[in-house]
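**Student:** Sending over entry.cif (mmCIF, C-alpha atoms).
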```cif
data_final
#
loop_
_atom_site.label_atom_id
_atom_site.label_comp_id
_atom_site.auth_asym_id
_atom_site.auth_seq_id
_atom_site.Cartn_x
_atom_site.Cartn_y
_atom_site.Cartn_z
CA MET W 187 13.98 12.68 -28.38
CA SER W 188 15.86 9.83 -26.82
CA SER W 189 14.66 6.40 -27.78
CA ARG W 190 16.25 4.72 -24.79
CA ARG W 191 13.87 2.40 -23.04
CA SER W 192 14.35 0.32 -19.96
CA ARG W 193 12.05 -1.67 -17.76
CA SER W 194 12.07 0.82 -14.96
CA ARG W 195 11.21 3.80 -17.12
CA GLN W 196 8.64 4.65 -19.68
CA SER W 197 9.44 6.58 -22.81
CA GLY W 198 9.31 10.31 -22.32
CA VAL W 199 10.52 9.89 -18.74
CA SER W 200 14.05 8.98 -19.76
CA ARG W 201 15.31 12.51 -19.25
CA ILE W 202 15.01 12.47 -15.45
CA SER W 203 17.96 11.13 -13.64
CA ASP W 204 17.71 8.06 -11.43
CA ASP W 205 18.00 9.93 -8.19
CA GLN W 206 15.17 12.22 -9.15
CA ILE W 207 13.01 9.23 -9.81
CA ALA W 208 13.97 7.82 -6.42
CA ASP W 209 13.06 11.15 -4.85
CA LEU W 210 9.69 11.19 -6.57
CA VAL W 211 8.79 7.66 -5.76
CA SER W 212 9.83 7.58 -2.13
CA LYS W 213 8.42 10.93 -1.20
CA LEU W 214 5.11 10.84 -2.91
CA GLN W 215 4.52 7.18 -2.51
CA GLN W 216 4.38 7.59 1.23
CA LEU W 217 1.82 10.31 0.94
CA ILE W 218 -0.53 9.01 -1.65
CA PRO W 219 -2.93 6.38 -0.37
CA GLU W 220 -3.54 5.05 -3.88
CA ILE W 221 -0.04 3.83 -4.42
CA ARG W 222 1.33 3.57 -0.90
CA ASN W 223 1.21 -0.19 -0.83
CA ARG W 224 2.84 -0.90 -4.14
CA ARG W 225 6.50 -1.66 -4.37
CA SER W 226 8.60 1.10 -5.79
CA ASP W 227 9.90 -0.79 -8.79
CA LYS W 228 6.41 -1.27 -10.09
CA VAL W 229 5.34 2.34 -10.06
CA SER W 230 6.39 4.55 -12.92
CA ALA W 231 7.25 8.19 -12.33
CA SER W 232 4.46 9.16 -14.65
CA LYS W 233 1.95 7.19 -12.61
CA VAL W 234 3.15 8.75 -9.37
CA LEU W 235 2.79 12.22 -10.84
CA GLN W 236 -0.68 11.45 -12.13
CA GLU W 237 -1.84 10.06 -8.80
CA THR W 238 -0.32 13.04 -7.03
CA CYS W 239 -2.27 15.45 -9.20
CA ASN W 240 -5.48 13.50 -8.62
CA TYR W 241 -4.88 13.46 -4.90
CA ILE W 242 -4.25 17.20 -4.70
CA ARG W 243 -7.38 17.89 -6.70
CA ASN W 244 -9.38 15.68 -4.36
CA LEU W 245 -8.04 17.53 -1.35
CA HIS W 246 -8.96 20.85 -2.95
CA ARG W 247 -12.47 19.54 -3.52
CA GLU W 248 -12.69 18.48 0.10
CA VAL W 249 -11.68 21.94 1.24
CA ASP W 250 -14.39 23.37 -1.01
CA ASP W 251 -17.00 21.05 0.40
CA LEU W 252 -15.98 21.62 4.01
CA SER W 253 -15.98 25.39 3.47
CA ASP W 254 -19.49 25.13 2.13
CA ARG W 255 -20.69 23.16 5.13
CA LEU W 256 -18.89 25.45 7.56
CA SER W 257 -20.48 28.42 5.91
CA GLU W 258 -23.93 26.95 6.35
CA LEU W 259 -23.12 26.13 9.93
CA LEU W 260 -21.94 29.61 10.76
CA GLU W 261 -25.04 31.03 9.24
CA SER W 262 -27.24 29.02 11.51
CA THR W 263 -25.33 29.30 14.76
CA ASP W 264 -24.03 32.34 16.48
CA SER W 265 -20.33 33.01 16.46
CA ASP W 266 -19.85 32.17 20.12
CA SER W 267 -20.84 28.58 19.80
CA ALA W 268 -18.80 28.25 16.63
CA GLN W 269 -15.78 29.49 18.50
CA ALA W 270 -16.53 27.13 21.35
CA ALA W 271 -16.63 24.27 18.87
CA ILE W 272 -13.30 25.23 17.43
CA ILE W 273 -11.70 25.50 20.82
CA ARG W 274 -13.05 22.10 21.74
CA SER W 275 -11.64 20.64 18.57
CA LEU W 276 -8.27 22.10 19.50
CA LEU W 277 -8.26 20.54 22.91
CA MET W 278 -9.39 17.05 22.00
CA MET I 265 -5.38 16.86 29.88
CA LYS I 266 -2.27 15.26 28.47
CA ILE I 267 -0.77 18.37 27.02
CA ALA I 268 2.63 16.92 26.31
CA LYS I 269 1.32 13.98 24.32
CA ASN I 270 -1.50 15.64 22.45
CA PRO I 271 -0.26 17.03 19.13
CA HIS I 272 -3.20 19.35 18.95
CA THR I 273 -2.20 21.25 22.04
CA ASN I 274 1.42 21.40 21.00
CA PRO I 275 1.60 25.12 20.30
CA THR I 276 3.96 24.68 17.41
CA SER I 277 2.12 21.91 15.57
CA ILE I 278 0.91 22.93 12.19
CA LYS I 279 -2.64 21.90 12.98
CA THR I 280 -2.76 24.07 16.07
CA ARG I 281 -1.21 27.01 14.29
CA PHE I 282 -3.66 26.60 11.45
CA ALA I 283 -6.69 26.17 13.72
CA LEU I 284 -5.91 29.32 15.70
CA ARG I 285 -5.55 31.43 12.59
CA PHE I 286 -8.64 29.94 11.02
CA LEU I 287 -10.61 30.66 14.19
CA ARG I 288 -9.48 34.25 14.11
CA ALA I 289 -10.52 34.59 10.48
CA ILE I 290 -13.93 32.97 10.96
CA ASN I 291 -14.53 35.15 13.99
CA LYS I 292 -13.79 38.22 11.96
CA LEU I 293 -16.12 37.02 9.21
CA SER I 294 -18.92 36.44 11.70
CA ASN I 295 -18.50 39.89 13.20
CA ASP I 296 -18.35 41.60 9.84
CA ASN I 297 -21.59 39.95 8.81
CA GLY I 298 -23.30 40.68 12.09
CA THR I 299 -25.55 43.34 10.66
CA SER I 300 -26.64 41.52 7.53
CA PRO I 301 -30.12 40.01 7.58
CA ARG I 302 -30.54 36.28 8.00
CA PRO I 303 -31.09 34.01 6.25
CA LEU I 304 -28.60 35.08 3.64
CA ASN I 305 -29.64 35.12 0.03
CA SER I 306 -27.82 32.73 -2.26
CA ALA I 307 -25.35 35.29 -3.59
CA ASP I 308 -24.30 36.26 -0.07
CA ARG I 309 -24.09 32.64 0.94
CA ARG I 310 -21.75 31.87 -1.96
CA LYS I 311 -19.69 34.89 -1.06
CA ARG I 312 -19.40 33.73 2.50
CA CYS I 313 -18.47 30.23 1.44
CA ARG I 314 -15.71 31.62 -0.77
CA ALA I 315 -14.53 33.82 2.07
CA ILE I 316 -14.27 30.84 4.38
CA ARG I 317 -12.41 28.83 1.79
CA ALA I 318 -9.99 31.69 1.18
CA ALA I 319 -9.52 32.07 4.94
CA SER I 320 -8.75 28.38 5.17
CA TYR I 321 -5.95 28.49 2.58
CA ALA I 322 -4.64 31.77 3.91
CA SER I 323 -4.57 30.47 7.47
CA MET I 324 -2.59 27.43 6.43
CA ALA I 325 -0.11 29.44 4.40
CA SER I 326 0.33 31.80 7.31
CA ALA I 327 0.77 28.92 9.74
CA VAL I 328 3.48 27.45 7.53
CA GLY I 329 5.22 30.78 7.20
CA PRO I 330 7.67 32.00 4.56
CA ASN I 331 9.95 28.97 4.62
CA LYS I 332 8.27 27.19 1.77
CA ALA I 333 7.93 28.47 -1.77
CA TRP I 334 4.30 27.34 -1.98
CA SER I 335 3.24 29.18 1.16
CA ARG I 336 5.09 32.29 0.01
CA ALA I 337 3.22 32.11 -3.28
CA VAL I 338 -0.14 31.90 -1.48
CA LEU I 339 0.67 34.79 0.84
CA ARG I 340 1.94 36.87 -2.05
CA LYS I 341 -1.26 36.28 -4.00
CA ILE I 342 -3.36 37.37 -1.03
CA ARG I 343 -1.32 40.49 -0.49
CA ASN I 344 -1.56 41.38 -4.16
CA ARG I 345 -5.28 40.85 -4.16
CA THR I 346 -5.84 43.14 -1.20
CA LYS I 347 -3.56 45.72 -2.74
CA GLU I 348 -5.86 45.88 -5.76
CA MET I 349 -3.61 44.30 -8.35
CA ILE I 350 -1.89 47.05 -10.26
CA LYS I 351 0.06 45.02 -12.74
CA PRO I 352 1.39 41.49 -12.66
CA ARG I 353 4.87 41.14 -11.22
CA THR I 354 7.50 39.90 -13.60
CA ARG I 355 9.40 36.89 -12.40
CA ARG I 356 12.77 37.61 -10.92
CA GLY I 357 15.88 36.46 -12.75
CA ALA I 358 16.68 33.70 -10.30
CA ALA I 359 13.32 32.05 -10.76
CA ARG I 360 13.56 32.26 -14.53
CA GLY I 361 17.03 30.77 -14.50
CA SER I 362 15.82 27.77 -12.58
CA MET I 363 13.35 26.74 -15.27
CA ASN I 364 16.02 24.49 -16.67
CA PRO I 365 14.52 22.84 -19.73
CA ARG I 366 16.77 19.82 -19.33
CA LYS I 367 15.03 19.03 -16.07
CA GLU I 368 11.52 19.23 -17.40
CA LEU I 369 9.73 16.02 -18.07
CA GLY I 370 7.70 17.38 -20.92
CA LEU I 371 4.86 15.20 -19.70
CA GLY I 372 1.36 16.52 -19.13
CA GLN I 373 1.48 15.43 -15.51
CA GLU I 374 4.37 17.64 -14.61
CA LYS I 375 2.67 20.65 -16.11
CA GLU I 376 -0.50 19.70 -14.28
CA LEU I 377 1.37 19.43 -11.01
CA ARG I 378 2.96 22.81 -11.51
CA GLU I 379 -0.48 24.31 -11.88
CA LEU I 380 -1.81 22.60 -8.76
CA VAL I 381 1.00 23.52 -6.39
CA PRO I 382 1.14 27.25 -5.58
CA GLY I 383 4.24 28.79 -7.08
CA GLY I 384 4.87 25.60 -9.00
CA GLU I 385 5.55 27.27 -12.34
CA ALA I 386 8.77 28.87 -11.18
CA MET I 387 10.43 25.91 -9.50
CA ASP I 388 12.90 23.48 -10.89
CA PHE I 389 11.73 19.88 -10.89
CA ARG I 390 13.52 18.76 -7.77
CA ARG I 391 12.13 21.63 -5.75
CA LEU I 392 8.69 21.00 -7.18
CA LEU I 393 8.77 17.47 -5.77
CA ASN I 394 9.85 18.71 -2.38
CA GLU I 395 7.25 21.42 -2.23
CA THR I 396 4.55 19.03 -3.42
CA GLY I 397 5.21 16.63 -0.57
CA HIS I 398 4.97 19.35 2.01
CA TYR I 399 1.95 20.93 0.36
CA ILE I 400 0.08 17.63 0.45
CA GLN I 401 0.81 17.13 4.14
CA CYS I 402 -0.49 20.60 4.91
CA LEU I 403 -3.60 20.16 2.77
CA ARG I 404 -4.35 16.97 4.65
CA ALA I 405 -3.93 18.71 8.02
CA GLN I 406 -6.15 21.53 6.80
CA VAL I 407 -8.90 19.09 5.85
CA GLN I 408 -8.59 17.20 9.13
CA VAL I 409 -8.94 20.33 11.24
CA MET I 410 -11.89 21.60 9.21
CA ARG I 411 -13.61 18.24 9.57
CA LYS I 412 -13.08 18.34 13.31
CA ILE I 413 -14.53 21.81 13.57
CA LEU I 414 -17.59 20.67 11.70
CA HIS I 415 -17.85 17.58 13.85
CA TYR I 416 -17.71 19.47 17.12
CA SER I 417 -20.03 22.15 15.87
CA SER I 418 -22.78 19.75 15.01
CA THR I 419 -22.76 17.73 18.23
#
```
Any chance you could put this one into structure tokens?
**Tutor:**
Amino acid sequence: MSSRRSRSRQSGVSRISDDQIADLVSKLQQLIPEIRNRRSDKVSASKVLQETCNYIRNLHREVDDLSDRLSELLESTDSDSAQAAIIRSLLM
Amino acid sequence: MKIAKNPHTNPTSIKTRFALRFLRAINKLSNDNGTSPRPLNSADRRKRCRAIRAASYASMASAVGPNKAWSRAVLRKIRNRTKEMIKPRTRRGAARGSMNPRKELGLGQEKELRELVPGGEAMDFRRLLNETGHYIQCLRAQVQVMRKILHYSST
């Protein structure tokens, strides 16, 4: 296990190459609200990965919750008005 | 109606493609359940909720198409499920070869990410990053459309 350390990397992350880190940071940083506003040299690859995993899990939970609410909604309305609602949401 | 400027009426936008497929799926679900008594008991309600969730992911994967490894993985899983899984497919040689150990972080987060992104286990690290970015954008679009549907259905 390499014992190389440098300010921009944490131990255990030293095996990725620099351009992979740059890939990670630029790509995911733009997408993840948590870390979007931090400057790239202050965010470790490990942190980006962790926040990415958290973010994906949150999105999955949202889909679960929305599916639940949609299911209740469909139960209580007839399919025509549900379709009308979807079409309206497409057009607006 | 400003068709040209509205991304939602752009026929090729991912949100529109997703919404149309999702609509189709929900419609089918409503028709299939037409004869069941209302209100649904709790087991049926859970089943319906799971069906809607599955339709949501399937609609997004279908809207994305086969050009991404993650969407292919989702579509494959659905096809296998409807085929009544016979036995698990073994990974093809190319996929195995790309699990280059030198490129693995060995950190918990990478493993976690591979489990969260469909098809993530078989990708090399660089591809995993790429696919993750796209997957997140699509998940966000999925959530936004579902929220809108709910919003317009309750007004």
**Student:** Hey, what's within 6 Å of region 276-293 of chain I if we count all atoms listed in the file and toss same-chain stuff fewer than 5 positions away? As a list in words, please?
**Tutor:**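 Once the adjacent positions are removed, what remains is Ser323, Met324 and Ala327 of chain I.
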**Student:** Filtering to C-alpha atoms, could you give me those residues as a PDB file, keeping the file's coordinate frame?
**Tutor:**
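That gives us out.pdb:
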```
ATOM      1  CA  SER I 323      -4.570  30.470   7.470  1.00  0.00           C
ATOM      2  CA  MET I 324      -2.590  27.430   6.430  1.00  0.00           C
ATOM      3  CA  ALA I 327       0.770  28.920   9.740  1.00  0.00           C
TER       4      ALA I 327
END
```
**Student:** Please evaluate the PyMOL selection byres ((chain I) within 6 of (chain W)) against the displayed coordinates and give the resulting residues as a PyMOL selection string.
**Tutor:** chain I and resi 272+313+316-317+373+377+412-413+416-417
**Student:** Measure the distance from CA of Gly372 (chain I) to CA of Gly397 (chain I) in Å and round it to one decimal.
**Tutor:**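 Taking CA of Gly372 (chain I) and CA of Gly397 (chain I), their separation equals 19.0 Å.
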**Student:** Given the file shown, enumerate the residues that the PyMOL selection byres ((chain I and resi 338) around 8) captures and present them as a ChimeraX atom specification.
**Tutor:** /I:321-322,325,334-337,339-342,382-383
**Student:** When you draw a straight line from CA of Met410 (chain I) to CA of Ser320 (chain I), how long is it in Å?
**Tutor:**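 Taking CA of Met410 (chain I) and CA of Ser320 (chain I), their separation equals 8.5 Å.
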**Student:** What gap, in Å, lies between CA of Arg345 (chain I) and CA of Asn305 (chain I)?
**Tutor:** 25.4 Å
